[in-house]
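For reference, model.txt (compact mmCIF, C-alpha atoms and all ligand atoms):
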# COMPACT_ATOMS: atom_id res chain seq x y z
CA MET H 251 -10.18 -1.57 4.52
CA GLY H 252 -8.50 0.93 2.21
CA HIS H 253 -8.34 4.68 2.60
CA ALA H 254 -10.60 7.25 0.97
CA ALA H 255 -9.62 10.77 -0.02
CA ILE H 256 -11.38 13.83 -1.35
CA VAL H 257 -9.86 14.68 -4.73
CA GLY H 258 -12.42 17.10 -6.13
CA ILE H 259 -14.79 19.70 -4.68
CA GLY H 260 -17.67 21.81 -5.96
CA HIS H 261 -20.13 24.27 -4.46
CA SER H 262 -23.08 26.27 -5.74
CA ARG H 263 -23.77 29.75 -4.44
CA PHE H 264 -26.00 29.32 -1.35
CA GLY H 265 -29.11 31.50 -1.06
CA ARG H 266 -32.47 31.76 -2.76
CA ALA H 267 -32.37 30.27 -6.25
CA PRO H 268 -35.83 30.77 -7.77
CA ASP H 269 -34.46 30.28 -11.29
CA LYS H 270 -32.85 26.89 -10.59
CA GLN H 271 -34.31 23.41 -10.24
CA LEU H 272 -32.93 20.88 -7.75
CA HIS H 273 -30.97 19.02 -10.43
CA GLU H 274 -29.53 22.25 -11.83
CA LEU H 275 -28.23 23.25 -8.40
CA ALA H 276 -26.71 19.80 -7.95
CA TRP H 277 -25.08 19.98 -11.38
CA GLN H 278 -23.41 23.31 -10.55
CA ALA H 279 -21.59 21.60 -7.69
CA ILE H 280 -20.99 18.28 -9.49
CA ARG H 281 -19.51 19.96 -12.59
CA GLN H 282 -16.97 21.86 -10.48
CA ALA H 283 -16.11 18.74 -8.46
CA LEU H 284 -15.49 16.64 -11.58
CA GLN H 285 -13.34 19.38 -13.11
CA ASP H 286 -11.42 19.87 -9.88
CA ALA H 287 -10.71 16.13 -9.69
CA GLY H 288 -9.79 15.95 -13.37
CA VAL H 289 -12.29 13.16 -14.03
CA THR H 290 -15.44 12.78 -16.13
CA GLN H 291 -18.79 11.16 -15.48
CA ARG H 292 -17.41 7.92 -16.96
CA ASP H 293 -14.96 7.63 -14.05
CA ILE H 294 -17.65 7.76 -11.35
CA GLN H 295 -18.66 4.31 -10.11
CA PHE H 296 -21.15 5.23 -7.39
CA LEU H 297 -23.34 8.29 -6.78
CA VAL H 298 -24.75 9.23 -3.39
CA VAL H 299 -27.23 12.08 -3.16
CA GLY H 300 -27.93 13.60 0.24
CA ASN H 301 -31.37 15.17 0.23
CA ALA H 302 -33.81 15.62 3.09
CA GLY H 303 -36.47 16.91 0.71
CA GLY H 304 -40.13 17.36 1.54
CA TRP H 305 -40.10 21.06 0.63
CA SER H 306 -39.21 20.36 -3.01
CA SER H 307 -41.09 18.39 -5.63
CA GLU H 308 -38.70 15.62 -6.68
CA LEU H 309 -39.33 12.38 -4.81
CA LEU H 310 -36.43 10.45 -6.31
CA PRO H 311 -33.72 13.11 -6.36
CA ALA H 312 -30.80 10.70 -6.83
CA VAL H 313 -32.20 9.58 -10.19
CA VAL H 314 -33.12 13.06 -11.36
CA VAL H 315 -29.71 14.44 -10.35
CA GLY H 316 -27.88 11.47 -11.88
CA GLU H 317 -29.76 11.81 -15.16
CA TYR H 318 -29.16 15.57 -15.47
CA ALA H 319 -25.50 15.24 -14.54
CA GLY H 320 -24.92 12.56 -17.18
CA LEU H 321 -24.25 9.95 -14.52
CA THR H 322 -26.83 7.32 -15.49
CA PRO H 323 -26.47 4.33 -15.48
CA VAL H 324 -24.04 4.69 -12.54
CA GLY H 325 -25.47 3.05 -9.41
CA SER H 326 -26.97 5.60 -7.07
CA MET H 327 -28.82 6.09 -3.84
CA ARG H 328 -30.36 8.91 -1.85
CA VAL H 329 -29.50 9.19 1.84
CA GLU H 330 -31.30 11.06 4.58
CA ALA H 331 -30.06 11.96 8.03
CA ALA H 332 -31.94 15.27 8.37
CA CYS H 333 -29.46 18.17 8.60
CA ALA H 334 -26.60 15.63 8.68
CA SER H 335 -27.64 14.06 5.35
CA GLY H 336 -24.55 15.51 3.69
CA SER H 337 -22.22 13.80 6.13
CA ALA H 338 -24.20 10.59 5.67
CA ALA H 339 -23.72 10.91 1.90
CA LEU H 340 -20.00 11.39 2.43
CA ARG H 341 -19.93 8.33 4.68
CA ALA H 342 -21.72 6.18 2.11
CA ALA H 343 -19.36 7.32 -0.67
CA ALA H 344 -16.25 6.87 1.51
CA THR H 345 -17.40 3.44 2.69
CA ALA H 346 -17.92 2.31 -0.91
CA VAL H 347 -14.36 3.36 -1.70
CA GLU H 348 -12.79 2.01 1.51
CA SER H 349 -14.46 -1.34 1.02
CA GLY H 350 -13.14 -1.62 -2.53
CA LYS H 351 -16.60 -1.59 -4.11
CA ALA H 352 -15.77 1.61 -6.00
CA ASP H 353 -12.52 3.32 -6.98
CA ILE H 354 -14.18 6.69 -7.38
CA ALA H 355 -17.50 7.78 -5.89
CA LEU H 356 -19.34 11.07 -5.85
CA ALA H 357 -21.25 12.52 -2.91
CA VAL H 358 -23.53 15.47 -3.47
CA GLY H 359 -25.84 17.21 -1.02
CA VAL H 360 -28.60 19.32 -2.49
CA GLU H 361 -31.71 21.10 -1.30
CA LYS H 362 -34.25 23.39 -2.89
CA MET H 363 -35.98 24.63 0.26
CA THR H 364 -37.55 27.81 -1.06
CA GLU H 365 -39.93 25.88 -3.29
CA SER H 366 -42.04 25.91 -0.11
CA THR H 367 -43.12 28.86 2.04
CA THR H 368 -41.50 29.74 5.37
CA MET H 369 -44.42 28.36 7.32
CA GLN H 370 -44.48 25.09 5.37
CA ILE H 371 -40.76 24.67 6.02
CA VAL H 372 -41.08 25.52 9.72
CA GLU H 373 -43.83 22.89 9.96
CA MET H 374 -41.86 20.23 8.06
CA ILE H 375 -38.73 20.76 10.14
CA GLY H 376 -40.87 20.81 13.29
CA ARG H 377 -42.29 17.42 12.34
CA ALA H 378 -38.69 16.18 12.25
CA GLY H 379 -38.43 16.36 16.04
CA SER H 380 -40.76 13.73 17.43
CA PHE H 381 -43.99 14.16 15.51
CA PHE H 382 -46.30 12.18 17.76
CA TRP H 383 -45.10 13.41 21.14
CA GLU H 384 -43.90 16.90 20.44
CA PHE H 385 -45.21 18.35 17.21
CA GLU H 386 -48.77 17.07 17.18
CA HIS H 387 -49.33 17.65 20.89
CA PHE H 388 -47.29 20.78 21.59
CA GLY H 389 -46.53 22.29 18.19
CA LEU H 390 -42.79 22.50 18.85
CA THR H 391 -40.72 24.02 16.05
CA PHE H 392 -36.94 23.91 15.62
CA PRO H 393 -36.30 27.44 16.84
CA GLY H 394 -38.42 26.35 19.84
CA TYR H 395 -36.33 23.22 20.43
CA TYR H 396 -33.03 25.07 20.35
CA ALA H 397 -34.54 27.86 22.47
CA MET H 398 -35.03 25.24 25.20
CA TYR H 399 -31.36 24.32 24.94
CA ALA H 400 -30.48 28.03 25.06
CA THR H 401 -32.59 28.74 28.16
CA ALA H 402 -31.19 25.69 29.96
CA TYR H 403 -27.63 26.74 29.06
CA MET H 404 -28.13 30.38 30.04
CA HIS H 405 -29.72 29.38 33.33
CA GLU H 406 -27.01 26.88 34.24
CA TYR H 407 -23.96 28.92 33.24
CA ARG H 408 -25.25 32.52 33.44
CA ALA H 409 -24.55 33.09 29.76
CA LYS H 410 -26.27 36.10 28.19
CA GLU H 411 -28.08 36.71 24.93
CA GLU H 412 -25.09 38.87 23.90
CA ASP H 413 -22.87 35.78 24.19
CA LEU H 414 -25.04 33.93 21.70
CA ALA H 415 -24.99 37.02 19.50
CA ALA H 416 -21.17 36.88 19.36
CA VAL H 417 -21.44 33.66 17.34
CA ALA H 418 -23.74 35.33 14.79
CA VAL H 419 -21.42 38.34 14.48
CA LYS H 420 -18.40 36.08 13.81
CA ASN H 421 -20.21 33.92 11.30
CA HIS H 422 -21.70 36.86 9.41
CA TYR H 423 -18.21 38.41 9.31
CA TYR H 424 -16.75 35.31 7.64
CA ALA H 425 -19.77 34.94 5.32
CA SER H 426 -19.11 38.50 4.13
CA LEU H 427 -15.74 37.18 2.88
CA ASN H 428 -17.26 34.11 1.22
CA PRO H 429 -18.81 34.66 -2.22
CA TYR H 430 -20.76 31.38 -1.91
CA ALA H 431 -22.56 32.48 1.28
CA HIS H 432 -26.27 33.22 1.58
CA PHE H 433 -25.72 36.45 3.55
CA GLN H 434 -22.91 38.78 2.55
CA LYS H 435 -23.27 41.51 5.14
CA GLN H 436 -21.54 41.99 8.46
CA ILE H 437 -23.64 42.56 11.57
CA THR H 438 -23.01 43.85 15.10
CA ILE H 439 -24.09 42.62 18.52
CA GLU H 440 -26.61 45.48 18.53
CA ASP H 441 -28.09 44.28 15.22
CA VAL H 442 -28.60 40.82 16.71
CA MET H 443 -30.07 42.21 19.93
CA LYS H 444 -32.48 44.42 17.99
CA SER H 445 -33.66 41.65 15.66
CA ARG H 446 -37.08 40.17 16.30
CA TYR H 447 -37.58 37.23 18.63
CA VAL H 448 -38.34 33.95 16.90
CA ALA H 449 -38.41 31.80 20.07
CA TRP H 450 -36.99 33.50 23.18
CA PRO H 451 -34.04 33.91 23.66
CA LEU H 452 -33.34 33.19 19.99
CA LYS H 453 -33.82 36.08 17.62
CA LEU H 454 -33.79 36.24 13.82
CA TYR H 455 -30.00 36.64 13.76
CA ASP H 456 -29.55 33.63 16.04
CA CYS H 457 -31.14 31.39 13.38
CA SER H 458 -29.75 29.83 10.24
CA PRO H 459 -31.88 30.72 7.21
CA GLN H 460 -33.86 28.60 4.77
CA THR H 461 -31.50 28.15 1.85
CA ASP H 462 -31.18 26.58 -1.60
CA GLY H 463 -27.85 25.10 -2.58
CA ALA H 464 -25.61 22.16 -3.37
CA ALA H 465 -22.11 20.91 -2.62
CA ALA H 466 -20.25 17.93 -4.06
CA VAL H 467 -17.07 15.96 -3.47
CA VAL H 468 -15.29 13.31 -5.53
CA VAL H 469 -13.97 10.57 -3.26
CA ALA H 470 -11.20 8.25 -4.50
CA SER H 471 -9.27 5.22 -3.33
CA GLU H 472 -5.63 5.59 -2.31
CA GLU H 473 -4.40 4.33 -5.66
CA MET H 474 -6.68 6.62 -7.68
CA ALA H 475 -6.08 9.61 -5.40
CA LYS H 476 -2.34 9.39 -5.95
CA LYS H 477 -2.88 9.41 -9.72
CA LEU H 478 -5.27 12.35 -9.60
CA THR H 479 -3.76 14.85 -7.18
CA ASP H 480 -0.74 15.85 -5.12
CA THR H 481 -2.94 16.99 -2.26
CA PRO H 482 -5.55 14.35 -1.49
CA ILE H 483 -7.54 15.23 1.64
CA TRP H 484 -8.02 12.02 3.58
CA ILE H 485 -11.27 11.18 5.31
CA ARG H 486 -9.20 10.04 8.24
CA ALA H 487 -11.92 9.12 10.74
CA GLN H 488 -15.63 9.40 11.29
CA GLY H 489 -17.79 8.88 14.35
CA VAL H 490 -21.56 8.44 14.07
CA ALA H 491 -24.22 8.27 16.76
CA THR H 492 -27.97 8.55 17.04
CA GLY H 493 -29.94 10.21 19.83
CA THR H 494 -33.54 9.97 20.90
CA ALA H 495 -36.27 11.73 18.96
CA ASN H 496 -38.26 12.23 22.13
CA LEU H 497 -36.77 15.00 24.26
CA SER H 498 -38.23 13.61 27.48
CA LYS H 499 -35.80 10.69 27.11
CA ARG H 500 -32.76 13.01 27.27
CA ASP H 501 -30.78 13.57 30.46
CA ASN H 502 -30.13 17.26 30.02
CA PHE H 503 -30.35 20.16 27.58
CA LEU H 504 -26.75 21.29 28.02
CA SER H 505 -25.16 18.90 25.54
CA LEU H 506 -26.08 16.78 22.52
CA GLU H 507 -25.00 13.36 23.74
CA PRO H 508 -24.70 11.75 20.28
CA ALA H 509 -22.28 14.51 19.28
CA VAL H 510 -20.07 13.65 22.25
CA LEU H 511 -20.23 9.95 21.33
CA ALA H 512 -19.49 10.62 17.67
CA ALA H 513 -16.52 12.83 18.62
CA GLU H 514 -15.17 10.18 20.99
CA GLN H 515 -15.39 7.53 18.25
CA ALA H 516 -13.60 9.71 15.73
CA TYR H 517 -10.98 10.93 18.19
CA LYS H 518 -10.21 7.37 19.27
CA GLN H 519 -9.41 6.37 15.69
CA VAL H 520 -6.74 9.08 15.53
CA GLY H 521 -5.59 9.00 19.16
CA ILE H 522 -6.90 12.46 19.99
CA GLU H 523 -7.46 13.32 23.64
CA ARG H 524 -10.92 14.91 23.89
CA SER H 525 -10.10 17.33 26.71
CA GLN H 526 -7.23 18.75 24.62
CA SER H 527 -8.86 18.32 21.23
CA TYR H 528 -8.47 21.94 20.11
CA LYS H 529 -4.68 21.46 20.12
CA TYR H 530 -4.85 18.86 17.35
CA PHE H 531 -6.89 20.78 14.77
CA ASP H 532 -6.05 23.75 12.57
CA VAL H 533 -9.68 24.56 11.90
CA ALA H 534 -13.21 23.27 12.56
CA GLU H 535 -16.65 23.39 11.01
CA VAL H 536 -19.49 23.01 13.50
CA HIS H 537 -23.24 22.78 13.17
CA ASP H 538 -24.49 26.27 14.12
CA CYS H 539 -28.10 25.90 13.01
CA PHE H 540 -28.78 28.27 15.91
CA THR H 541 -26.10 30.25 17.76
CA ILE H 542 -26.54 28.20 20.93
CA ALA H 543 -25.75 25.06 18.90
CA GLU H 544 -22.28 26.38 18.04
CA ILE H 545 -21.54 27.11 21.71
CA ILE H 546 -22.68 23.64 22.78
CA ALA H 547 -20.63 22.15 19.90
CA TYR H 548 -17.43 23.74 21.30
CA GLU H 549 -18.08 21.86 24.53
CA ASP H 550 -19.28 18.59 22.97
CA LEU H 551 -16.13 18.46 20.83
CA GLY H 552 -13.95 19.15 23.87
CA PHE H 553 -12.55 22.48 22.58
CA VAL H 554 -13.28 23.88 26.02
CA GLU H 555 -14.63 22.70 29.37
CA ARG H 556 -18.36 22.46 30.07
CA GLY H 557 -19.89 25.85 30.73
CA GLN H 558 -17.04 27.71 29.03
CA GLY H 559 -18.23 27.61 25.41
CA TYR H 560 -19.91 31.00 25.63
CA ALA H 561 -16.69 32.55 26.97
CA LEU H 562 -14.82 31.17 23.94
CA ALA H 563 -17.33 32.96 21.70
CA ARG H 564 -17.36 36.14 23.77
CA GLU H 565 -13.56 36.37 23.79
CA GLY H 566 -13.27 35.87 20.04
CA GLU H 567 -11.23 32.68 20.44
CA THR H 568 -12.95 30.99 17.50
CA TYR H 569 -11.87 33.59 14.95
CA LYS H 570 -8.87 32.92 12.70
CA GLY H 571 -5.80 33.15 14.90
CA GLY H 572 -7.72 32.21 18.06
CA ARG H 573 -7.63 29.05 20.16
CA ILE H 574 -9.52 27.12 17.46
CA PRO H 575 -10.91 28.82 14.34
CA VAL H 576 -14.51 27.73 13.72
CA ASN H 577 -16.75 28.22 10.69
CA LEU H 578 -14.43 30.45 8.68
CA ASP H 579 -16.90 30.11 5.78
CA GLY H 580 -19.79 31.74 7.68
CA GLY H 581 -21.28 28.55 9.10
CA LEU H 582 -24.90 27.52 8.73
CA LYS H 583 -25.86 30.80 10.34
CA ALA H 584 -24.67 33.02 7.52
CA LYS H 585 -23.32 30.82 4.71
CA GLY H 586 -26.77 29.26 4.83
CA HIS H 587 -28.19 25.85 5.63
CA PRO H 588 -29.59 23.96 2.64
CA ILE H 589 -30.20 20.99 4.91
CA ALA H 590 -28.53 18.06 3.10
CA ALA H 591 -25.95 20.22 1.35
CA THR H 592 -24.50 21.36 4.68
CA GLY H 593 -22.42 18.28 5.55
CA VAL H 594 -20.89 18.13 2.08
CA SER H 595 -20.30 21.89 2.18
CA MET H 596 -18.36 21.38 5.43
CA ALA H 597 -16.19 18.79 3.65
CA VAL H 598 -15.64 21.18 0.74
CA GLU H 599 -14.66 24.01 3.09
CA LEU H 600 -12.25 21.90 5.13
CA THR H 601 -10.68 20.53 1.95
CA LYS H 602 -10.08 24.11 0.80
CA GLN H 603 -8.71 25.02 4.21
CA LEU H 604 -6.29 22.08 4.27
CA ARG H 605 -5.24 22.78 0.67
CA GLN H 606 -4.82 26.46 1.70
CA GLN H 607 -7.02 27.66 -1.16
CA ASN H 608 -9.06 30.27 0.69
CA PRO H 609 -8.33 34.00 0.58
CA GLU H 610 -5.95 35.06 3.34
CA SER H 611 -8.77 36.83 5.24
CA ARG H 612 -10.46 33.53 6.03
CA GLN H 613 -7.67 30.98 5.61
CA ALA H 614 -6.62 29.23 8.82
CA ASP H 615 -2.93 28.61 9.49
CA ILE H 616 -2.36 25.00 8.50
CA LYS H 617 0.33 23.62 10.78
CA LYS H 618 -1.04 20.29 11.95
CA GLY H 619 -2.82 19.26 8.76
CA LEU H 620 -5.96 18.18 10.62
CA ALA H 621 -9.52 19.55 10.54
CA VAL H 622 -12.80 18.44 12.06
CA ALA H 623 -16.44 18.70 10.95
CA HIS H 624 -19.37 18.37 13.37
CA ASN H 625 -22.73 17.89 11.64
CA ILE H 626 -25.97 17.36 13.54
CA GLY H 627 -29.32 16.14 12.20
CA GLY H 628 -32.39 17.29 14.09
CA THR H 629 -31.77 18.29 17.69
CA GLY H 630 -29.13 15.60 18.08
CA HIS H 631 -31.18 12.90 16.36
CA TYR H 632 -28.13 12.16 14.21
CA ALA H 633 -24.53 13.18 14.86
CA TYR H 634 -21.55 12.85 12.52
CA VAL H 635 -18.02 13.95 13.44
CA THR H 636 -15.51 13.66 10.62
CA ILE H 637 -11.76 14.22 10.74
CA PHE H 638 -9.95 15.27 7.55
CA SER H 639 -6.17 15.12 7.22
CA LEU H 640 -3.29 15.90 4.92
CA ASN H 641 -1.47 12.80 6.16
CA LYS H 642 -3.23 9.51 5.50
CA ASP H 643 -1.67 7.71 8.43
CA VAL H 644 -1.67 10.45 11.05
CA ARG H 645 -2.09 8.98 14.52
CA PHE H 646 -1.19 10.21 17.99
CA THR H 647 -0.05 8.07 20.95
N1 LIG H 701 -30.79 35.27 9.59
C1 LIG H 701 -30.67 36.52 9.13
N2 LIG H 701 -31.55 37.10 8.30
C2 LIG H 701 -32.61 36.35 7.93
C3 LIG H 701 -32.79 35.03 8.37
C4 LIG H 701 -31.84 34.50 9.22
N3 LIG H 701 -31.96 33.26 9.68
N4 LIG H 701 -33.93 34.55 7.83
C5 LIG H 701 -34.42 35.53 7.06
N5 LIG H 701 -33.64 36.62 7.12
C6 LIG H 701 -33.83 37.91 6.49
C7 LIG H 701 -34.21 37.79 5.04
O1 LIG H 701 -33.08 37.84 4.20
C8 LIG H 701 -35.09 39.01 4.86
O2 LIG H 701 -34.26 40.14 4.71
P1 LIG H 701 -34.68 41.34 3.71
O3 LIG H 701 -35.98 41.86 4.25
O4 LIG H 701 -33.55 42.30 3.81
O5 LIG H 701 -34.83 40.69 2.37
C9 LIG H 701 -35.79 39.17 6.19
O6 LIG H 701 -34.94 38.53 7.15
C10 LIG H 701 -37.15 38.52 6.24
O7 LIG H 701 -37.01 37.24 5.64
P2 LIG H 701 -38.11 36.16 5.71
O8 LIG H 701 -37.78 35.09 4.72
O9 LIG H 701 -39.48 36.82 5.60
O10 LIG H 701 -37.95 35.59 7.16
P3 LIG H 701 -38.90 34.57 7.77
O11 LIG H 701 -39.59 35.20 8.92
O12 LIG H 701 -39.74 33.99 6.69
O13 LIG H 701 -37.91 33.41 8.28
C11 LIG H 701 -37.00 32.20 10.12
C12 LIG H 701 -37.15 33.58 9.45
C13 LIG H 701 -36.12 32.38 11.33
C14 LIG H 701 -38.37 31.66 10.54
C15 LIG H 701 -36.32 31.22 9.10
O14 LIG H 701 -35.08 31.75 8.70
C16 LIG H 701 -36.12 29.83 9.70
O15 LIG H 701 -37.04 29.04 9.74
N6 LIG H 701 -34.90 29.52 10.16
C17 LIG H 701 -34.61 28.23 10.81
C18 LIG H 701 -34.39 27.15 9.79
C19 LIG H 701 -34.23 25.82 10.47
O16 LIG H 701 -34.92 25.49 11.42
N7 LIG H 701 -33.32 25.01 9.96
C20 LIG H 701 -33.02 23.70 10.54
C21 LIG H 701 -32.16 23.89 11.72
S1 LIG H 701 -31.71 22.39 12.52
As structure tokens - that is how I would like this structure written.
Amino acid sequence: MGHAAIVGIGHSRFGRAPDKQLHELAWQAIRQALQDAGVTQRDIQFLVVGNAGGWSSELLPAVVVGEYAGLTPVGSMRVEAACASGSAALRAAATAVESGKADIALAVGVEKMTESTTMQIVEMIGRAGSFFWEFEHFGLTFPGYYAMYATAYMHEYRAKEEDLAAVAVKNHYYASLNPYAHFQKQITIEDVMKSRYVAWPLKLYDCSPQTDGAAAVVVASEEMAKKLTDTPIWIRAQGVATGTANLSKRDNFLSLEPAVLAAEQAYKQVGIERSQSYKYFDVAEVHDCFTIAEIIAYEDLGFVERGQGYALAREGETYKGGRIPVNLDGGLKAKGHPIAATGVSMAVELTKQLRQQNPESRQADIKKGLAVAHNIGGTGHYAYVTIFSLNKDVRFT
């Protein structure tokens, strides 16, 4: 197997985009990614479109996006792994390159959520739990699912609603520094505490929003990457695992087991010790679809011991300069969460971080040249953990 590197990145503004169609959003990101890589449509040999869909009209988004972006007749496919569809798209593109089937591939994640109403979206995402057992019988929605994780966590470790709020405050702060973010305003703990309950203990400011947007990356083989750029960002390792849809089959609500498995797989490929993992990375992107999810992610990734994730948030240790900077782009919470765009957006952000292209206010110190993305689909239905590096061959022990 060869190596695959990100050589071009693109990102649309996240938010509500009533004036843009799905393919137009995708093109905004694709055009930037092609320009950044210094390639044209003719150089792309494989197109992967991450799109969960349902809320928007196009049923064959890969074809519509490919046509609008001038990429037909390049071979294409659409991938779906719920909120981790973007990481799945990256995996498919990277695998095509690593296997030698393509020299250059393009992965784009795109979503036009606001074509549907809030209630339609809440229903569609709710059906993405376990429709038969949980949605049809109990009407569980995603804020409801993560509220169960939050209540279990708060009960077990005596964490408070204010601890969850600390995650929202951090992520809104960084989103206010990110022109591509859905929300551009800073908030306080009091703002979070005063916001309306969506599913106790989660309030409006504990939730990621419904967002339109797209992100794209050009992925190249080692040989092509060296021709195209001096700073290829290597997709060094990826772990993937799948959980149960049915919550009654899970052992506890304090961790997302597939995320732990995916992290272990990825860490093993690089020789990273899970209990010390924060020491290896300069920066992380984690899946904060709800504030509790970011806290559990700290623990699932081994940044901190079990039951200590909320203290990491409370003590500000995941800001720039802290123990491990997390979501310096605003995260899903405040940058926004256009479902399938999210995983690709994480790859774009970590590429910028490793290239040191962000403004100083939200640029991590890059000393180790290693970054990690944690992207969850559903409530741990799918888990992808991806390690990006400046050094293609980096390996510990
Ligand atoms: N965080 C902060 N502000 C939010 C917000 C959020 N998550 N969602 C909406 N808002 C703001 C809007 O910008 C708007 O502000 P304005 O009045 O200043 O314009 C206001 O709150 C009302 O917006 P509205 O769109 O009417 O909210 P809503 O009640 O329709 O939607 C939720 C709120 C929480 C139901 C919706 O954001 C949601 O479903 N989030 C979860 C999405 C999800 O499950 N994703 C998958 C996760 S795995």
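Using only C-alpha atoms, the protein and nucleic acid residues lying no more than 10 Å from Met596 of chain H, apart from those fewer than 5 places from it along its own chain, are Gly336, Ser337, Ala465, Ala534, Glu535, Val536, His537, Asn577, Asp579, Gly581, Leu582, Ala591, Thr601, Lys602, Val622, Ala623, His624, Asn625 and Thr636 of chain H.
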Identify, counting only C-alpha atoms and all ligand atoms, the protein, DNA and RNA residues located within 6 Å of ligand LIG 701 (chain H), and give them as a PyMOL selection string.
chain H and resi 368+372+392-393+454-455+457-460+539+628
Given the choices H:Val469, H:Leu551, H:Val360, H:Ala425, which gets closest to Pro482 of chain H if the distance is worked out from all atoms listed in the file?
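Ranking H:Val469, H:Leu551, H:Val360, H:Ala425 by distance to Pro482 of chain H, first place goes to H:Val469.
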One number please: atom CA of Trp383 of chain H to atom CA of Ile542 of chain H, in Å, one decimal.
23.7 Å
Using only C-alpha atoms, tabulate the residues of segment 389-431 of chain H lying at most 9 Å from any atom of segment 253-275 of chain H, each with its closest atom pair and that distance in Å to one decimal, by chain and increasing residue number, as a Markdown table.
| residue | atom | partner | partner_atom | distance |
| --- | --- | --- | --- | --- |
| H:Pro429 | CA | H:Arg263 | CA | 7.3 |
| H:Tyr430 | CA | H:Arg263 | CA | 4.3 |
| H:Ala431 | CA | H:Phe264 | CA | 5.4 |
Selected residue, from H:Ala561, H:Ile616, H:Met474, H:Ala343, that lies nearest to Gly288 of chain H when counting only C-alpha atoms:
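Counting only C-alpha atoms, the residue closest to Gly288 of chain H is H:Met474.
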Please determine, counting all atoms listed in the file, which residue among H:Ala344, H:Asp413, H:Arg486, H:Gly379 has the shortest atom-to-atom distance to Gly559 of chain H.
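Checking each of H:Ala344, H:Asp413, H:Arg486, H:Gly379 against Gly559 of chain H, counting all atoms listed in the file, the winner is H:Asp413.
Minimum atom-to-atom distance to Val644 of chain H, evaluated using all atoms listed in the file, belongs to H:Val520 out of H:Val520, H:Ala302, H:Ala319, H:Ala400.
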Using Å and a single decimal, report how far atom CA of Tyr548 of chain H sits from atom CA of Thr401 of chain H.
17.4 Å
Test item: axis-aligned box, all listed atoms of segment 630-646 of chain H, 5 Å on each side, centre and edges in Å rounded to one decimal, as JSON:
{"center_x": -16.2, "center_y": 11.8, "center_z": 11.5, "size_x": 40.0, "size_y": 18.2, "size_z": 23.2}
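Closest approach to Ala547 of chain H among H:Ser326, H:Thr629, H:Ser498, H:Asn608: H:Thr629, based on all atoms listed in the file.
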